[in-house]
Number of protein chains: 2
Amino acid sequence: MSLPHAILTALLEKPSSGLELTRRFDKSIGYFWSATHQQIYRELGKLEADGLIRALPAEQPARGQKKSYEVLPAGRDELARWTAAAQDPRPMRDPLPLRLRAAAVVGTTGLEADLRRHLELHERQLAEYREIEKRDFPPGKDGAEDRLRHLVLRAGIDLETFWTQWLRHALAEFADLPGRGPA
Amino acid sequence: MSLPHAILTALLEKPSSGLELTRRFDKSIGYFWSATHQQIYRELGKLEADGLIRALPAEQPARGQKKSYEVLPAGRDELARWTAAAQDPRPMRDPLPLRLRAAAVVGTTGLEADLRRHLELHERQLAEYREIEKRDFPPGKDGAEDRLRHLVLRAGIDLETFWTQWLRHALAEFADLPGRGPA
DNA sequence: CTAGACATGTAACGAGTTACATGATTCA
DNA sequence: TGAATCATGTAACTCGTTACATGTCTAG
């Protein structure tokens, strides 16, 4: 139950059409919650049916016509409720540790190359986040909203830092593993 | 496409029945890939139909009867293939940063308490992992398989460390946020 | 002989993914 | 006028979750 609330947040920040939302989910929001345009359109339909958002008046009924939405009071209330509600942390769910564990049984052949690739990707992502941090959160900016959004970016930076360190550690271990075939 | 491979790995480590697998997914494997018994039974059925595993001969056709599976050569091959295949890293997908971003718009009321709860849960999980590390990976043990499994546990420890640090940071920021209502 | 634990399974739904379909606008 | 792009949407499928159903075994 997170996508609708991600959309409500995005729409409160700025009323948008489906495609505009899709683009924003490719950028900042997508750093911690990605979504495709199909999911977004489906969810916009539900949110409108539930009376949490409405299409901005412009009388376009048809396909191919841009349709923008704004959040209704009920939508804001629902978002505030969800934000404050207790939720259990999600257990981690990542295939990479799984592959290491499998490698302990069927051998590590070929895995190392992909780990190296992951390391590069995470390093690139980390560099991008640091750029954004430098650009969007210079020392002066420290209103309440700025601080909260900075915290969110911090989560991204720290997570990527975790991955790069862990992958480097893993590659170092691989380097002096005895045999490379099945264990 | 990770659950079937998690099951193959578990079965290679030790042939098991559905419920035994469920229990193992509640423990060690579940630290990075959780699954319910319904998912597991469904997946066992598919894997058997695909000829990757087979039920151990014991001629029990019915419900309520224990049914153990073992991995066939085709299953081992498939697992080795998957382990070595290139896979893109999953973008992070966590509701918590989302809630902070929402709080920047609708206010932080009530969120702090849940952050504190998350911090406690992550601290407990971290302590548990450290216990396991002390118990299962004493300095002496360093065969190839041990090292790989230790790496997996390391990922869990480092991730929990990330969360506890980030949450502490977030709570510190909250503590000296000016207004607590909608921004 | 029955209550509780053990064990396997079905059904229905929600969320995410992939492939494709359709209409409008712009510009060469 | 027709190709490219913008924009909205359908359909079909997989994966994960929740609730429930059914059968077996064992201890008291």
# chains A, B, ... in the order shown; residues from 1 in each chain; ligands from 1
$ select_by_dssp --residues "stretch 33-174 of chain B" --states "helix (DSSP H, G or I)" --output "MDAnalysis selection string"
chainID B and resid 37:49 73:84 95:106 111:136 144:174
$ write_last_selection --atoms "C-alpha atoms" --output "CSV table (one decimal), in the first residue's frame"
chain,number,residue,atom,x,y,z
B,37,HIS,CA,4.4,-21.9,3.0
B,38,GLN,CA,1.8,-21.2,0.3
B,39,GLN,CA,4.5,-19.8,-2.0
B,40,ILE,CA,6.8,-22.6,-1.2
B,41,TYR,CA,4.2,-25.4,-2.0
B,42,ARG,CA,3.3,-23.6,-5.2
B,43,GLU,CA,6.9,-23.3,-6.3
B,44,LEU,CA,7.7,-26.9,-5.3
B,45,GLY,CA,4.9,-28.0,-7.6
B,46,LYS,CA,6.3,-26.0,-10.5
B,47,LEU,CA,9.8,-27.1,-10.0
B,48,GLU,CA,8.7,-30.7,-10.0
B,49,ALA,CA,6.6,-30.2,-13.1
B,73,PRO,CA,20.9,-32.7,-12.1
B,74,ALA,CA,18.8,-30.3,-14.3
B,75,GLY,CA,18.0,-28.3,-11.2
B,76,ARG,CA,21.6,-28.0,-10.2
B,77,ASP,CA,22.5,-26.9,-13.7
B,78,GLU,CA,19.7,-24.3,-13.6
B,79,LEU,CA,20.9,-23.0,-10.3
B,80,ALA,CA,24.5,-22.7,-11.5
B,81,ARG,CA,23.3,-20.9,-14.6
B,82,TRP,CA,21.2,-18.4,-12.6
B,83,THR,CA,24.0,-17.8,-10.0
B,84,ALA,CA,26.4,-16.8,-12.7
B,95,PRO,CA,8.2,2.9,2.4
B,96,LEU,CA,10.2,4.6,5.2
B,97,PRO,CA,12.0,7.3,3.1
B,98,LEU,CA,8.7,7.7,1.3
B,99,ARG,CA,7.0,8.5,4.6
B,100,LEU,CA,9.6,11.1,5.4
B,101,ARG,CA,9.1,12.8,2.1
B,102,ALA,CA,5.3,12.7,2.7
B,103,ALA,CA,5.9,14.2,6.1
B,104,ALA,CA,7.7,17.1,4.5
B,105,VAL,CA,4.3,17.9,2.9
B,106,VAL,CA,1.6,16.8,5.5
B,111,LEU,CA,5.9,9.7,12.6
B,112,GLU,CA,8.6,10.0,15.3
B,113,ALA,CA,7.1,7.3,17.5
B,114,ASP,CA,7.2,4.8,14.6
B,115,LEU,CA,10.8,5.7,13.8
B,116,ARG,CA,11.7,5.0,17.3
B,117,ARG,CA,10.0,1.6,17.1
B,118,HIS,CA,11.9,0.8,13.9
B,119,LEU,CA,15.2,1.7,15.5
B,120,GLU,CA,14.5,-0.7,18.3
B,121,LEU,CA,13.5,-3.5,15.9
B,122,HIS,CA,16.7,-3.0,13.8
B,123,GLU,CA,18.8,-2.9,16.9
B,124,ARG,CA,17.4,-6.2,18.1
B,125,GLN,CA,17.9,-7.7,14.6
B,126,LEU,CA,21.5,-6.5,14.6
B,127,ALA,CA,22.2,-8.0,18.0
B,128,GLU,CA,20.8,-11.3,16.8
B,129,TYR,CA,23.0,-11.3,13.7
B,130,ARG,CA,26.1,-10.5,15.8
B,131,GLU,CA,25.2,-13.5,18.1
B,132,ILE,CA,25.0,-15.8,15.0
B,133,GLU,CA,28.3,-14.4,13.8
B,134,LYS,CA,30.0,-15.2,17.1
B,135,ARG,CA,28.5,-18.7,17.2
B,136,ASP,CA,28.8,-19.8,13.6
B,144,ALA,CA,35.4,-21.6,1.0
B,145,GLU,CA,31.8,-22.3,1.9
B,146,ASP,CA,32.2,-20.8,5.3
B,147,ARG,CA,33.6,-17.6,3.9
B,148,LEU,CA,30.8,-17.2,1.4
B,149,ARG,CA,28.2,-17.8,4.1
B,150,HIS,CA,29.9,-15.4,6.3
B,151,LEU,CA,29.8,-12.8,3.6
B,152,VAL,CA,26.0,-13.2,3.4
B,153,LEU,CA,25.7,-12.7,7.1
B,154,ARG,CA,27.9,-9.6,6.8
B,155,ALA,CA,25.5,-8.1,4.4
B,156,GLY,CA,22.7,-8.5,7.0
B,157,ILE,CA,24.9,-7.0,9.7
B,158,ASP,CA,26.0,-4.1,7.6
B,159,LEU,CA,22.4,-3.4,6.4
B,160,GLU,CA,21.1,-3.4,9.9
B,161,THR,CA,23.9,-1.1,10.9
B,162,PHE,CA,23.0,1.3,8.1
B,163,TRP,CA,19.4,1.4,9.3
B,164,THR,CA,20.2,2.0,13.0
B,165,GLN,CA,22.6,4.8,12.1
B,166,TRP,CA,20.2,6.4,9.7
B,167,LEU,CA,17.3,6.2,12.1
B,168,ARG,CA,19.3,7.7,14.9
B,169,HIS,CA,20.3,10.5,12.6
B,170,ALA,CA,16.7,11.0,11.5
B,171,LEU,CA,15.5,11.1,15.1
B,172,ALA,CA,18.2,13.6,16.0
B,173,GLU,CA,16.9,15.9,13.2
B,174,PHE,CA,13.4,15.5,14.4
$ closest_atom_pairs --of "chain D" --to "chain B" --cutoff "9 Å" --atoms "only C-alpha atoms (C1' of nucleotides)" --output "CSV"
residue,atom,partner,partner_atom,distance
D:DC15,C1',B:Met1,CA,8.8
D:DG16,C1',B:Gln39,CA,7.7
D:DT17,C1',B:Thr36,CA,8.6
D:DT22,C1',B:Arg63,CA,7.5
D:DG23,C1',B:Gly64,CA,4.8
D:DT24,C1',B:Gly64,CA,5.1
$ write_last_selection --atoms "N, CA and C atoms (P, O5', C5', C4', C3', O3' and C1' of nucleotides)" --output "compact mmCIF listing (two decimals), in the first residue's frame"
# COMPACT_ATOMS: atom_id res chain seq x y z
P DC D 15 7.12 -15.97 -11.20
O5' DC D 15 6.91 -15.04 -9.92
C5' DC D 15 7.34 -13.69 -9.95
C4' DC D 15 6.84 -13.00 -8.71
C3' DC D 15 6.99 -13.83 -7.43
O3' DC D 15 7.66 -13.01 -6.49
C1' DC D 15 4.77 -12.99 -7.64
P DG D 16 8.03 -13.52 -5.03
O5' DG D 16 6.84 -12.94 -4.15
C5' DG D 16 6.71 -11.53 -4.01
C4' DG D 16 5.52 -11.23 -3.13
C3' DG D 16 5.50 -11.96 -1.78
O3' DG D 16 5.29 -11.00 -0.78
C1' DG D 16 3.43 -12.23 -2.91
P DT D 17 5.07 -11.43 0.74
O5' DT D 17 3.48 -11.41 0.93
C5' DT D 17 2.77 -10.24 0.57
C4' DT D 17 1.32 -10.37 1.03
C3' DT D 17 1.14 -11.00 2.41
O3' DT D 17 0.30 -10.13 3.15
C1' DT D 17 -0.22 -12.12 0.80
P DT D 22 -13.11 -28.65 3.31
O5' DT D 22 -11.87 -29.62 3.51
C5' DT D 22 -11.00 -29.85 2.42
C4' DT D 22 -9.86 -30.70 2.92
C3' DT D 22 -10.31 -31.88 3.79
O3' DT D 22 -10.03 -33.06 3.06
C1' DT D 22 -8.38 -30.77 4.64
P DG D 23 -10.57 -34.50 3.58
O5' DG D 23 -9.25 -35.18 4.16
C5' DG D 23 -8.15 -35.40 3.27
C4' DG D 23 -6.90 -35.54 4.10
C3' DG D 23 -6.93 -36.70 5.09
O3' DG D 23 -5.91 -37.62 4.73
C1' DG D 23 -6.04 -34.73 6.06
P DT D 24 -5.75 -38.98 5.54
O5' DT D 24 -4.63 -38.55 6.58
C5' DT D 24 -3.27 -38.44 6.12
C4' DT D 24 -2.38 -38.24 7.32
C3' DT D 24 -2.35 -39.41 8.31
O3' DT D 24 -0.99 -39.78 8.45
C1' DT D 24 -2.64 -37.36 9.44
$ interface_residues --of "chain C" --to "chain A" --cutoff "9 Å" --atoms "only C-alpha atoms (C1' of nucleotides)" --output "compact mmCIF listing (two decimals) with N, CA, C and O atoms (P, O5', C5', C4', C3', O3' and C1' of nucleotides), in the first residue's frame"
# COMPACT_ATOMS: atom_id res chain seq x y z
P DA C 15 -2.62 -3.14 -3.73
O5' DA C 15 -1.15 -3.47 -4.23
C5' DA C 15 -0.33 -4.38 -3.51
C4' DA C 15 0.88 -4.68 -4.36
C3' DA C 15 1.34 -3.52 -5.23
O3' DA C 15 2.75 -3.48 -5.13
C1' DA C 15 0.91 -5.40 -6.57
P DG C 16 3.62 -2.45 -5.90
O5' DG C 16 4.14 -3.34 -7.11
C5' DG C 16 5.08 -4.37 -6.84
C4' DG C 16 5.52 -4.99 -8.14
C3' DG C 16 6.05 -4.02 -9.18
O3' DG C 16 7.28 -4.58 -9.67
C1' DG C 16 4.36 -5.36 -10.12
P DT C 17 8.07 -3.92 -10.89
O5' DT C 17 7.61 -4.81 -12.14
C5' DT C 17 7.73 -6.22 -12.05
C4' DT C 17 7.58 -6.82 -13.45
C3' DT C 17 8.18 -5.98 -14.57
O3' DT C 17 8.96 -6.86 -15.37
C1' DT C 17 5.91 -6.45 -15.04
P DT C 22 -6.35 -1.05 -31.38
O5' DT C 22 -6.36 0.47 -30.93
C5' DT C 22 -7.03 0.83 -29.73
C4' DT C 22 -6.78 2.29 -29.50
C3' DT C 22 -6.97 3.17 -30.73
O3' DT C 22 -8.14 3.94 -30.52
C1' DT C 22 -5.07 3.79 -29.47
P DG C 23 -8.74 4.88 -31.72
O5' DG C 23 -8.27 6.33 -31.28
C5' DG C 23 -8.68 6.82 -30.02
C4' DG C 23 -7.81 8.00 -29.68
C3' DG C 23 -7.84 9.14 -30.72
O3' DG C 23 -8.28 10.28 -30.03
C1' DG C 23 -5.63 8.65 -30.02
P DA C 24 -8.43 11.69 -30.75
O5' DA C 24 -7.03 12.31 -30.39
C5' DA C 24 -6.91 13.14 -29.23
C4' DA C 24 -5.59 13.84 -29.24
C3' DA C 24 -5.48 15.02 -30.22
O3' DA C 24 -5.11 16.14 -29.43
C1' DA C 24 -3.63 13.54 -30.47
$ atom_distance --atom1 "atom CA of B:Asp88" --atom2 "atom CA of A:Ile29"
19.4 Å
$ closest_residue --among "A:His5, A:Lys141, A:Arg23, A:Lys67" --to "chain B" --atoms "only C-alpha atoms"
A:His5
$ residues_around --residues "C:DA12" --least-positions-apart "4" --cutoff "12 Å" --atoms "only C-alpha atoms (C1' of nucleotides)" --output "JSON, numbers by chain"
{"D": [17, 18, 19, 20]}
$ write_last_selection --atoms "N, CA, C and O atoms (P, O5', C5', C4', C3', O3' and C1' of nucleotides)" --output "PDB file, in the first residue's frame"
ATOM      1  P    DT D  17       5.075 -11.431   0.738  1.00  0.00           P
ATOM      2  O5'  DT D  17       3.484 -11.409   0.927  1.00  0.00           O
ATOM      3  C5'  DT D  17       2.767 -10.244   0.566  1.00  0.00           C
ATOM      4  C4'  DT D  17       1.322 -10.367   1.029  1.00  0.00           C
ATOM      5  C3'  DT D  17       1.139 -11.004   2.412  1.00  0.00           C
ATOM      6  O3'  DT D  17       0.301 -10.134   3.153  1.00  0.00           O
ATOM      7  C1'  DT D  17      -0.216 -12.122   0.799  1.00  0.00           C
ATOM      8  P    DT D  18      -0.072 -10.494   4.671  1.00  0.00           P
ATOM      9  O5'  DT D  18      -1.540 -11.106   4.573  1.00  0.00           O
ATOM     10  C5'  DT D  18      -2.513 -10.467   3.761  1.00  0.00           C
ATOM     11  C4'  DT D  18      -3.821 -11.229   3.873  1.00  0.00           C
ATOM     12  C3'  DT D  18      -4.052 -11.910   5.223  1.00  0.00           C
ATOM     13  O3'  DT D  18      -5.359 -11.574   5.660  1.00  0.00           O
ATOM     14  C1'  DT D  18      -4.274 -13.479   3.458  1.00  0.00           C
ATOM     15  P    DA D  19      -5.946 -12.160   7.062  1.00  0.00           P
ATOM     16  O5'  DA D  19      -6.931 -13.299   6.550  1.00  0.00           O
ATOM     17  C5'  DA D  19      -7.736 -13.072   5.403  1.00  0.00           C
ATOM     18  C4'  DA D  19      -8.467 -14.359   5.062  1.00  0.00           C
ATOM     19  C3'  DA D  19      -8.834 -15.206   6.284  1.00  0.00           C
ATOM     20  O3'  DA D  19     -10.207 -15.548   6.197  1.00  0.00           O
ATOM     21  C1'  DA D  19      -7.709 -16.512   4.680  1.00  0.00           C
ATOM     22  P    DC D  20     -10.928 -16.436   7.350  1.00  0.00           P
ATOM     23  O5'  DC D  20     -10.978 -17.889   6.675  1.00  0.00           O
ATOM     24  C5'  DC D  20     -11.400 -17.979   5.308  1.00  0.00           C
ATOM     25  C4'  DC D  20     -10.980 -19.322   4.752  1.00  0.00           C
ATOM     26  C3'  DC D  20     -11.447 -20.531   5.576  1.00  0.00           C
ATOM     27  O3'  DC D  20     -12.386 -21.223   4.787  1.00  0.00           O
ATOM     28  C1'  DC D  20      -9.243 -20.796   4.723  1.00  0.00           C
TER      29       DC D  20
END
$ residues_around --residues "C:DT26" --least-positions-apart "2" --cutoff "12 Å" --atoms "only C-alpha atoms (C1' of nucleotides)" --output "PyMOL selection string"
(chain C and resi 24+28) or (chain D and resi 2-6)
$ write_last_selection --atoms "N, CA, C and O atoms (P, O5', C5', C4', C3', O3' and C1' of nucleotides)" --output "PDB file, in the first residue's frame"
ATOM      1  P    DA C  24      -8.428  11.686 -30.751  1.00  0.00           P
ATOM      2  O5'  DA C  24      -7.032  12.313 -30.385  1.00  0.00           O
ATOM      3  C5'  DA C  24      -6.913  13.138 -29.229  1.00  0.00           C
ATOM      4  C4'  DA C  24      -5.589  13.843 -29.242  1.00  0.00           C
ATOM      5  C3'  DA C  24      -5.485  15.022 -30.222  1.00  0.00           C
ATOM      6  O3'  DA C  24      -5.111  16.140 -29.435  1.00  0.00           O
ATOM      7  C1'  DA C  24      -3.628  13.537 -30.467  1.00  0.00           C
ATOM      8  P    DA C  28      10.742  20.594 -38.560  1.00  0.00           P
ATOM      9  O5'  DA C  28      11.255  19.849 -39.871  1.00  0.00           O
ATOM     10  C5'  DA C  28      11.653  18.479 -39.779  1.00  0.00           C
ATOM     11  C4'  DA C  28      11.110  17.712 -40.969  1.00  0.00           C
ATOM     12  C3'  DA C  28      11.498  18.298 -42.325  1.00  0.00           C
ATOM     13  O3'  DA C  28      12.185  17.314 -43.080  1.00  0.00           O
ATOM     14  C1'  DA C  28       9.174  17.783 -42.249  1.00  0.00           C
TER      15       DA C  28
ATOM     16  P    DG D   2       0.287   8.959 -46.716  1.00  0.00           P
ATOM     17  O5'  DG D   2       1.694   8.463 -46.183  1.00  0.00           O
ATOM     18  C5'  DG D   2       2.856   9.300 -46.284  1.00  0.00           C
ATOM     19  C4'  DG D   2       3.555   9.428 -44.952  1.00  0.00           C
ATOM     20  C3'  DG D   2       3.166   8.371 -43.899  1.00  0.00           C
ATOM     21  O3'  DG D   2       4.332   8.108 -43.116  1.00  0.00           O
ATOM     22  C1'  DG D   2       2.869  10.447 -42.980  1.00  0.00           C
ATOM     23  P    DA D   3       5.004   6.694 -43.086  1.00  0.00           P
ATOM     24  O5'  DA D   3       6.299   6.980 -42.202  1.00  0.00           O
ATOM     25  C5'  DA D   3       7.120   8.107 -42.539  1.00  0.00           C
ATOM     26  C4'  DA D   3       7.662   8.737 -41.277  1.00  0.00           C
ATOM     27  C3'  DA D   3       7.834   7.779 -40.102  1.00  0.00           C
ATOM     28  O3'  DA D   3       9.090   8.081 -39.505  1.00  0.00           O
ATOM     29  C1'  DA D   3       6.465   9.597 -39.433  1.00  0.00           C
ATOM     30  P    DA D   4       9.608   7.331 -38.183  1.00  0.00           P
ATOM     31  O5'  DA D   4       9.430   8.454 -37.058  1.00  0.00           O
ATOM     32  C5'  DA D   4       9.940   9.764 -37.331  1.00  0.00           C
ATOM     33  C4'  DA D   4       9.757  10.621 -36.091  1.00  0.00           C
ATOM     34  C3'  DA D   4       9.982   9.878 -34.775  1.00  0.00           C
ATOM     35  O3'  DA D   4      10.653  10.769 -33.882  1.00  0.00           O
ATOM     36  C1'  DA D   4       7.788  10.751 -34.817  1.00  0.00           C
ATOM     37  P    DT D   5      11.083  10.266 -32.394  1.00  0.00           P
ATOM     38  O5'  DT D   5      10.017  10.999 -31.458  1.00  0.00           O
ATOM     39  C5'  DT D   5       9.798  12.411 -31.605  1.00  0.00           C
ATOM     40  C4'  DT D   5       8.602  12.802 -30.774  1.00  0.00           C
ATOM     41  C3'  DT D   5       8.611  12.231 -29.356  1.00  0.00           C
ATOM     42  O3'  DT D   5       8.445  13.319 -28.464  1.00  0.00           O
ATOM     43  C1'  DT D   5       6.506  11.917 -30.388  1.00  0.00           C
ATOM     44  P    DC D   6       8.538  13.129 -26.865  1.00  0.00           P
ATOM     45  O5'  DC D   6       7.014  13.394 -26.433  1.00  0.00           O
ATOM     46  C5'  DC D   6       6.367  14.588 -26.854  1.00  0.00           C
ATOM     47  C4'  DC D   6       4.887  14.474 -26.554  1.00  0.00           C
ATOM     48  C3'  DC D   6       4.587  14.046 -25.105  1.00  0.00           C
ATOM     49  O3'  DC D   6       3.635  14.945 -24.568  1.00  0.00           O
ATOM     50  C1'  DC D   6       3.425  12.672 -26.655  1.00  0.00           C
TER      51       DC D   6
END
$ closest_residue --among "A:Ser17, A:Thr22, A:Ser68, A:Ser28" --to "chain B" --atoms "only C-alpha atoms"
A:Ser28
$ residues_around --residues "A:Leu72" --least-positions-apart "5" --cutoff "7 Å" --atoms "only C-alpha atoms (C1' of nucleotides)" --output "JSON, numbers by chain"
{"A": [52, 53, 54]}
$ write_last_selection --atoms "N, CA, C and O atoms" --output "PDB file, in the first residue's frame"
ATOM      1  N   LEU A  52     -10.078  10.603  -3.603  1.00  0.00           N
ATOM      2  CA  LEU A  52      -8.898  11.184  -2.949  1.00  0.00           C
ATOM      3  C   LEU A  52      -8.213  12.225  -3.838  1.00  0.00           C
ATOM      4  O   LEU A  52      -7.502  13.096  -3.344  1.00  0.00           O
ATOM      5  N   ILE A  53      -8.408  12.103  -5.135  1.00  0.00           N
ATOM      6  CA  ILE A  53      -7.882  13.103  -6.073  1.00  0.00           C
ATOM      7  C   ILE A  53      -8.970  13.411  -7.089  1.00  0.00           C
ATOM      8  O   ILE A  53      -9.985  12.710  -7.162  1.00  0.00           O
ATOM      9  N   ARG A  54      -8.787  14.477  -7.882  1.00  0.00           N
ATOM     10  CA  ARG A  54      -9.713  14.712  -8.985  1.00  0.00           C
ATOM     11  C   ARG A  54      -8.958  15.277 -10.169  1.00  0.00           C
ATOM     12  O   ARG A  54      -7.912  15.921 -10.018  1.00  0.00           O
TER      13      ARG A  54
END
